[in-house]
Amino acid sequence: MKKFVFTTVLGYLAYLIFTTSCANPGMPTGGDKDSIPPVVVKTVPGVNARNYKGKTVNITFDEFIISTDVATQLVVSPPLAKKPLVRTKSKTLIVDFDDQLKPNTTYSLDFKNSIADNNEKNPLENYRFSFSNGPEFDSLMVGGYVRMAQNMEPMADVMVLLHRIDSLHYFRDSIPDYIARTDEDGFYMINNIAAGKYRLYALQDADNSLTYNSSAELIAFSDSLIVPDAPLAPDSILTSHLEETELAAGEHAHEGLKYEQEPHYLLLFEEESYEQYLEDSKRERANLCQFYFDEALTDSFSLNLISPEPTPDWALFEYSAHRDSLNLWIRDTTIAKMDTLIFQVNYEVLDSMKNLVIKTDTLDLFFKKPEVREKKKKKKEEEEVKEVPHFSFKGNGKDGFDIYRKYLLEVPEPLEKIDFSMIHLYQKVDTLEEELEYSVIRDSVNMRRYQISYPWEFEEEYRLQVDSAAAVSIGGYPSNKFGQRIVIREEGYYAKIILAVSNLPGPSFVQLLKNTDKEEVVQQIAITSDGEIEFPYLNPDKFKIRLVVDRNGNGQWDTGDLEKNIQPERVVYYPKIIKTRSNFEVRETWALPDDLQFKKELIDDDQLEKDKEKGGKSGSSNKRPGGSR
């Protein structure tokens with residue numbers, strides 16, 4: 001009997017060993033995927049501790065974490081002279097401040113989303129921690145949003161700064177008293193602030209100095225002093241930022257937090273500055289030298305050819321529309337054939353005392369004719385035939401030409417002469433063509449462009465013809481024969497938008513924009529009082545509408561001026577993306593609010609319908625398809 005039992009047990013053990021050894025090794029499958037971020041189980045010091053005299057903050061989690069992003073995303077306020085050392089030990093995150101902490105100060109650590117669990121990379125979102133190394137614990141806070149002034153887009157990774165002293169000097173060369181960094185929604189929050197009055201700024205800090213030391217940096221500022229008065233409850237940790245709509249309402253509660261201030265909106269802009277310098281110069285063609293400057297050239301600008309010695313009327317000067325670049329076209333073929341040209345360029349710059357002085361640069365511009373492979377010679381006669389250089393016109397006409405446009409003829413280099421009698425415009429009548437009288441002028445900005453004007457008629461067909469050798473370029477090259485059909489669209493192709501504007505805050509202009517990220521201006525209309533404005537001859541498309549409060553009446557958006565305490569001109573977006581259809585008129589009403597909004601929530605009805613069909617949400621008031629918060 002004992003032998004039987006022993007044999008049975010032995011057989012069973014052998015069976016278990018065999019079956020388990022044959023199984024594939026590895027982790028068991030199945031079960032829900034971990035979606036829970038790491039949980040804080042202990043901190044040293046404690047949450048919102050007082051009189052902490054240590055040099056490190058230790059935060060222990062319930063699982064192993066990834067901390068590679070902490071060093072770059074962590075924002076410590078008040079700011080430190082250098083970044084703290086961040087490391088991990090087992091499940092504990094250690095932030096080492098060395099000897100940088102000031103006495104009797106409340107410190108706030110904003111980790112944002114930099115802490116995540118090791119397995120599934122679930123982030124602990126917007127985690128903040130604070131403590132005091134003195135007997136008092138500061139609990140006031142300031143929150144709000146940073147927007148780009150010209151298009152109201154949220155600006156991420158912008159530093160927001162609080163200065164105790166109301167002086168621009170401190171913004172320019174002193175470290176702020178408190179700081180925060182905006183998230184992807186442009187949201188910021190500075191907490192654990194001591195009582196007092198502060199100046200509030202925002203800075204796109206290019207050199208990580210926390211100071212405004214370059215006019216190329218984007219800035220924003222509050223018109224008046226800020227007095228924080230929203231206390232942070234001692235038992236709360238802010239783990240997610242306040243929703244914009246709730247923040248704007250003036251009250252929000254989150255885990256014991258009650259925020260009763262209005263949000264502080266900051267409009268980011270770049271100040272106008274004059275920092276003139278020669279950015280680049282090149283000579284990619286024998287008869288063309290190009291010069292690029294950072295600023296528009298003043299009347300004091302001059303450019304002289306030093307070597308070789310120039311002849312009279314040796315070149316033409318072609319400035320860009322903003323006079324910040326120059327094309328120098330060489331008319332003298334002998335000079336154009338020279339490998340090296342030496343120029344002296346004189347232009348105005350600001351010296352260290354901000355006075356305009358003349359700076360002189362000497363430039364050597366080289367041109368080497370590209371090597372051309374020799375073609376196989378077929379006949380001796382062909383070797384003696386030389387090809388005559390020539391050029392061609394280009395036109396902007398095409399099928400579906402818009403009735404309100406001017407026809408443009410463009411040439412690759414300025415013309416020495418042109419015979420307009422050799423340019424013909426024909427209209428097709430039945431099967432015949434009738435020659436028309438038209439007007440032509442050279443473009444006031446681009447000397448290589450000519451505008452041909454004619455009262456085009458809907459659905460008519462025209463043809464432009466330029467005879468051979470109608471023009472000669474400054475290089476002495478004749479023009480080729482050129483022709484192009486111009487077919488005018490039918491009237492029913494176009495759409496129209498009529499917008500009734502009321503409660504206008506002052507003289508403004510309204511822009512119709514393409515529904516793209518660049519928001520190119522399609523049409524612009526000045527408006528001084530309530531009433532209707534009309535955008536005619538529109539292609540079937542989608543458009544945005546933007547209103548700019550034009551305080552100086554110059555018809556363009558103007559930036560701000562920190563020294564003069566001038567904010568950038570206010571911009572407001574119509575809260576709907578408008579879709580146009582051929583032969584339809586769209587009528588919209590826009591009652592502007594008394595207090596111009598800092599939002600850009602654009603409703604796209606087409607996208608809402610698609611969301612409905614897919615079963616998605618369609619009624620969110622915070623995030624709209626086709627727009628941004």
# chains A, B, ... in the order shown; residues from 1 in each chain; ligands from 1
>>> select_by_dssp(residues="segment 346-440 of chain A", states="strand (DSSP E)", output="mmCIF file with C-alpha atoms, in the first residue's frame")
data_model
loop_
_atom_site.group_PDB
_atom_site.id
_atom_site.type_symbol
_atom_site.label_atom_id
_atom_site.label_comp_id
_atom_site.auth_asym_id
_atom_site.auth_seq_id
_atom_site.Cartn_x
_atom_site.Cartn_y
_atom_site.Cartn_z
ATOM 1 C CA ASN A 346 26.662 102.513 -45.908
ATOM 2 C CA TYR A 347 23.569 102.252 -43.697
ATOM 3 C CA GLU A 348 22.244 103.590 -40.404
ATOM 4 C CA VAL A 349 22.529 101.624 -37.148
ATOM 5 C CA LEU A 350 22.031 102.431 -33.463
ATOM 6 C CA LEU A 356 21.748 106.703 -35.271
ATOM 7 C CA VAL A 357 25.189 106.472 -36.852
ATOM 8 C CA ILE A 358 26.443 105.373 -40.269
ATOM 9 C CA LYS A 359 28.056 101.953 -40.509
ATOM 10 C CA THR A 360 30.217 101.012 -43.501
ATOM 11 C CA ASP A 361 30.743 97.462 -44.780
ATOM 12 C CA THR A 362 33.058 96.399 -47.596
ATOM 13 C CA LEU A 363 31.848 93.340 -49.485
ATOM 14 C CA ASP A 364 33.441 91.087 -52.095
ATOM 15 C CA LEU A 365 30.820 89.353 -54.246
ATOM 16 C CA PHE A 366 31.953 86.508 -56.475
ATOM 17 C CA LYS A 394 4.798 85.097 -67.415
ATOM 18 C CA GLY A 395 1.114 85.877 -66.862
ATOM 19 C CA ASP A 399 -9.187 79.270 -66.728
ATOM 20 C CA GLY A 400 -11.480 80.657 -64.056
ATOM 21 C CA PHE A 401 -9.917 84.115 -63.843
ATOM 22 C CA TYR A 407 -3.873 90.736 -65.151
ATOM 23 C CA LEU A 408 -0.143 90.709 -64.334
ATOM 24 C CA LEU A 409 2.744 90.285 -66.752
ATOM 25 C CA GLU A 410 6.085 89.537 -65.128
ATOM 26 C CA LEU A 415 13.473 95.785 -69.022
ATOM 27 C CA GLU A 416 15.618 98.223 -70.932
ATOM 28 C CA LYS A 417 12.688 98.949 -73.221
ATOM 29 C CA ILE A 418 9.224 97.673 -74.051
ATOM 30 C CA ILE A 423 1.039 93.686 -76.656
ATOM 31 C CA HIS A 424 -2.500 92.804 -77.795
ATOM 32 C CA LEU A 425 -5.660 91.954 -75.894
ATOM 33 C CA TYR A 426 -8.427 90.136 -77.806
ATOM 34 C CA GLN A 427 -11.976 89.198 -76.872
ATOM 35 C CA LYS A 428 -13.580 86.172 -78.445
ATOM 36 C CA VAL A 429 -16.875 87.075 -80.119
ATOM 37 C CA LEU A 432 -13.874 85.617 -84.208
ATOM 38 C CA GLU A 433 -11.559 87.729 -82.058
ATOM 39 C CA GLU A 434 -11.900 91.466 -81.558
ATOM 40 C CA GLU A 435 -8.887 93.511 -80.439
ATOM 41 C CA LEU A 436 -9.513 95.669 -77.365
ATOM 42 C CA SER A 439 -4.449 100.245 -69.903
ATOM 43 C CA VAL A 440 -1.056 99.090 -68.650
#
>>> closest_atom_pairs(of="segment 103-166 of chain A", to="segment 63-76 of chain A", cutoff="9 Å", atoms="only C-alpha atoms", output="CSV")
residue,atom,partner,partner_atom,distance
A:Tyr107,CA,A:Val76,CA,7.0
A:Ser108,CA,A:Val76,CA,5.8
A:Leu109,CA,A:Val76,CA,4.8
A:Asp110,CA,A:Val75,CA,5.1
A:Phe111,CA,A:Leu74,CA,4.6
A:Lys112,CA,A:Gln73,CA,6.7
A:Asn113,CA,A:Gln73,CA,7.9
A:Ser114,CA,A:Val70,CA,5.0
A:Ile115,CA,A:Ser67,CA,5.6
A:Ala116,CA,A:Ile66,CA,5.4
A:Asp117,CA,A:Ile65,CA,4.2
A:Asn118,CA,A:Ile65,CA,4.7
A:Asn119,CA,A:Phe64,CA,8.2
A:Lys121,CA,A:Ile66,CA,7.6
>>> residues_around(residues="Ser479 of chain A", least_positions_apart="5", cutoff="8 Å", atoms="only C-alpha atoms", output="list in words")
His390, Phe391, Ser392, Phe393, Ser468, Ala469, Ala470, Ala471, Val472 and Ser473 of chain A
>>> closest_residue(among="A:Pro593, A:Pro135, A:Pro79, A:Gly483", to="Ser209 of chain A", atoms="only C-alpha atoms")
A:Pro79
>>> closest_atom_pairs(of="segment 125-188 of chain A", to="segment 562-575 of chain A", cutoff="12 Å", atoms="only C-alpha atoms", output="JSON lines")
{"residue": "A:Arg147", "atom": "CA", "partner": "A:Val571", "partner_atom": "CA", "distance": 10.9}
{"residue": "A:Met148", "atom": "CA", "partner": "A:Val571", "partner_atom": "CA", "distance": 9.9}
{"residue": "A:Ala149", "atom": "CA", "partner": "A:Pro568", "partner_atom": "CA", "distance": 6.6}
{"residue": "A:Gln150", "atom": "CA", "partner": "A:Val571", "partner_atom": "CA", "distance": 6.4}
{"residue": "A:Asn151", "atom": "CA", "partner": "A:Val571", "partner_atom": "CA", "distance": 7.0}
{"residue": "A:Met152", "atom": "CA", "partner": "A:Val571", "partner_atom": "CA", "distance": 7.3}
{"residue": "A:Glu153", "atom": "CA", "partner": "A:Tyr573", "partner_atom": "CA", "distance": 10.9}
{"residue": "A:Ser167", "atom": "CA", "partner": "A:Glu563", "partner_atom": "CA", "distance": 10.2}
{"residue": "A:Leu168", "atom": "CA", "partner": "A:Glu563", "partner_atom": "CA", "distance": 7.6}
{"residue": "A:His169", "atom": "CA", "partner": "A:Glu563", "partner_atom": "CA", "distance": 10.3}
{"residue": "A:Phe171", "atom": "CA", "partner": "A:Leu562", "partner_atom": "CA", "distance": 10.5}
{"residue": "A:Arg172", "atom": "CA", "partner": "A:Leu562", "partner_atom": "CA", "distance": 10.9}
>>> closest_residue(among="A:Met189, A:Pro84, A:Tyr52, A:Leu268", to="Asp561 of chain A", atoms="only C-alpha atoms")
A:Leu268
>>> atom_distance(atom1="atom CA of Ile488 of chain A", atom2="atom CA of Asn396 of chain A")
12.6 Å
>>> select_by_dssp(residues="segment 278-477 of chain A", states="alpha helix (DSSP H)", output="PyMOL selection string")
chain A and resi 333-336+380-384
>>> atom_distance(atom1="atom CA of Pro37 of chain A", atom2="atom CA of Arg87 of chain A")
19.1 Å
>>> atom_distance(atom1="atom CA of Val160 of chain A", atom2="atom CA of Pro231 of chain A")
19.3 Å
>>> residues_around(residues="segment 157-159 of chain A", least_positions_apart="4", cutoff="8 Å", atoms="only C-alpha atoms", output="JSON, numbers by chain")
{"A": [146, 179, 180, 181, 182, 183, 184, 186, 202, 203, 204, 205, 210]}
>>> write_last_selection(atoms="C-alpha atoms", output="tab-separated table (two decimals), in the first residue's frame")
chain	number	residue	atom	x	y	z
A	146	VAL	CA	-1.30	83.89	-22.06
A	179	ILE	CA	7.50	82.37	-11.69
A	180	ALA	CA	5.33	79.87	-13.56
A	181	ARG	CA	5.32	78.31	-17.03
A	182	THR	CA	2.26	78.07	-19.29
A	183	ASP	CA	0.93	74.72	-20.49
A	184	GLU	CA	-0.36	73.80	-23.95
A	186	GLY	CA	-1.59	78.91	-22.35
A	202	ALA	CA	5.04	87.16	-19.44
A	203	LEU	CA	8.21	86.39	-21.36
A	204	GLN	CA	9.15	83.96	-24.11
A	205	ASP	CA	12.54	83.54	-22.52
A	210	LEU	CA	14.17	85.20	-16.61
>>> closest_residue(among="A:Thr589, A:Thr211, A:Gln523, A:Gln484", to="Ala500 of chain A", atoms="only C-alpha atoms")
A:Thr589
>>> closest_residue(among="A:Phe137, A:Ile545, A:Asn539, A:Lys282", to="Val521 of chain A", atoms="only C-alpha atoms")
A:Ile545
>>> residues_around(residues="Leu200 of chain A", least_positions_apart="3", cutoff="6 Å", atoms="only C-alpha atoms", output="VMD selection string")
chain A and resid 161 to 162 221 to 222
>>> residues_around(residues="Tyr198 of chain A", least_positions_apart="2", cutoff="8 Å", atoms="only C-alpha atoms", output="JSON, numbers by chain")
{"A": [162, 163, 164, 165, 166, 196, 200, 225, 226, 227]}
>>> closest_residue(among="A:Tyr277, A:Lys83, A:Val586, A:Ala194", to="Asn208 of chain A", atoms="only C-alpha atoms")
A:Lys83
>>> closest_residue(among="A:Ile403, A:Leu504, A:Met338, A:Ile474", to="Glu460 of chain A", atoms="only C-alpha atoms")
A:Ile403
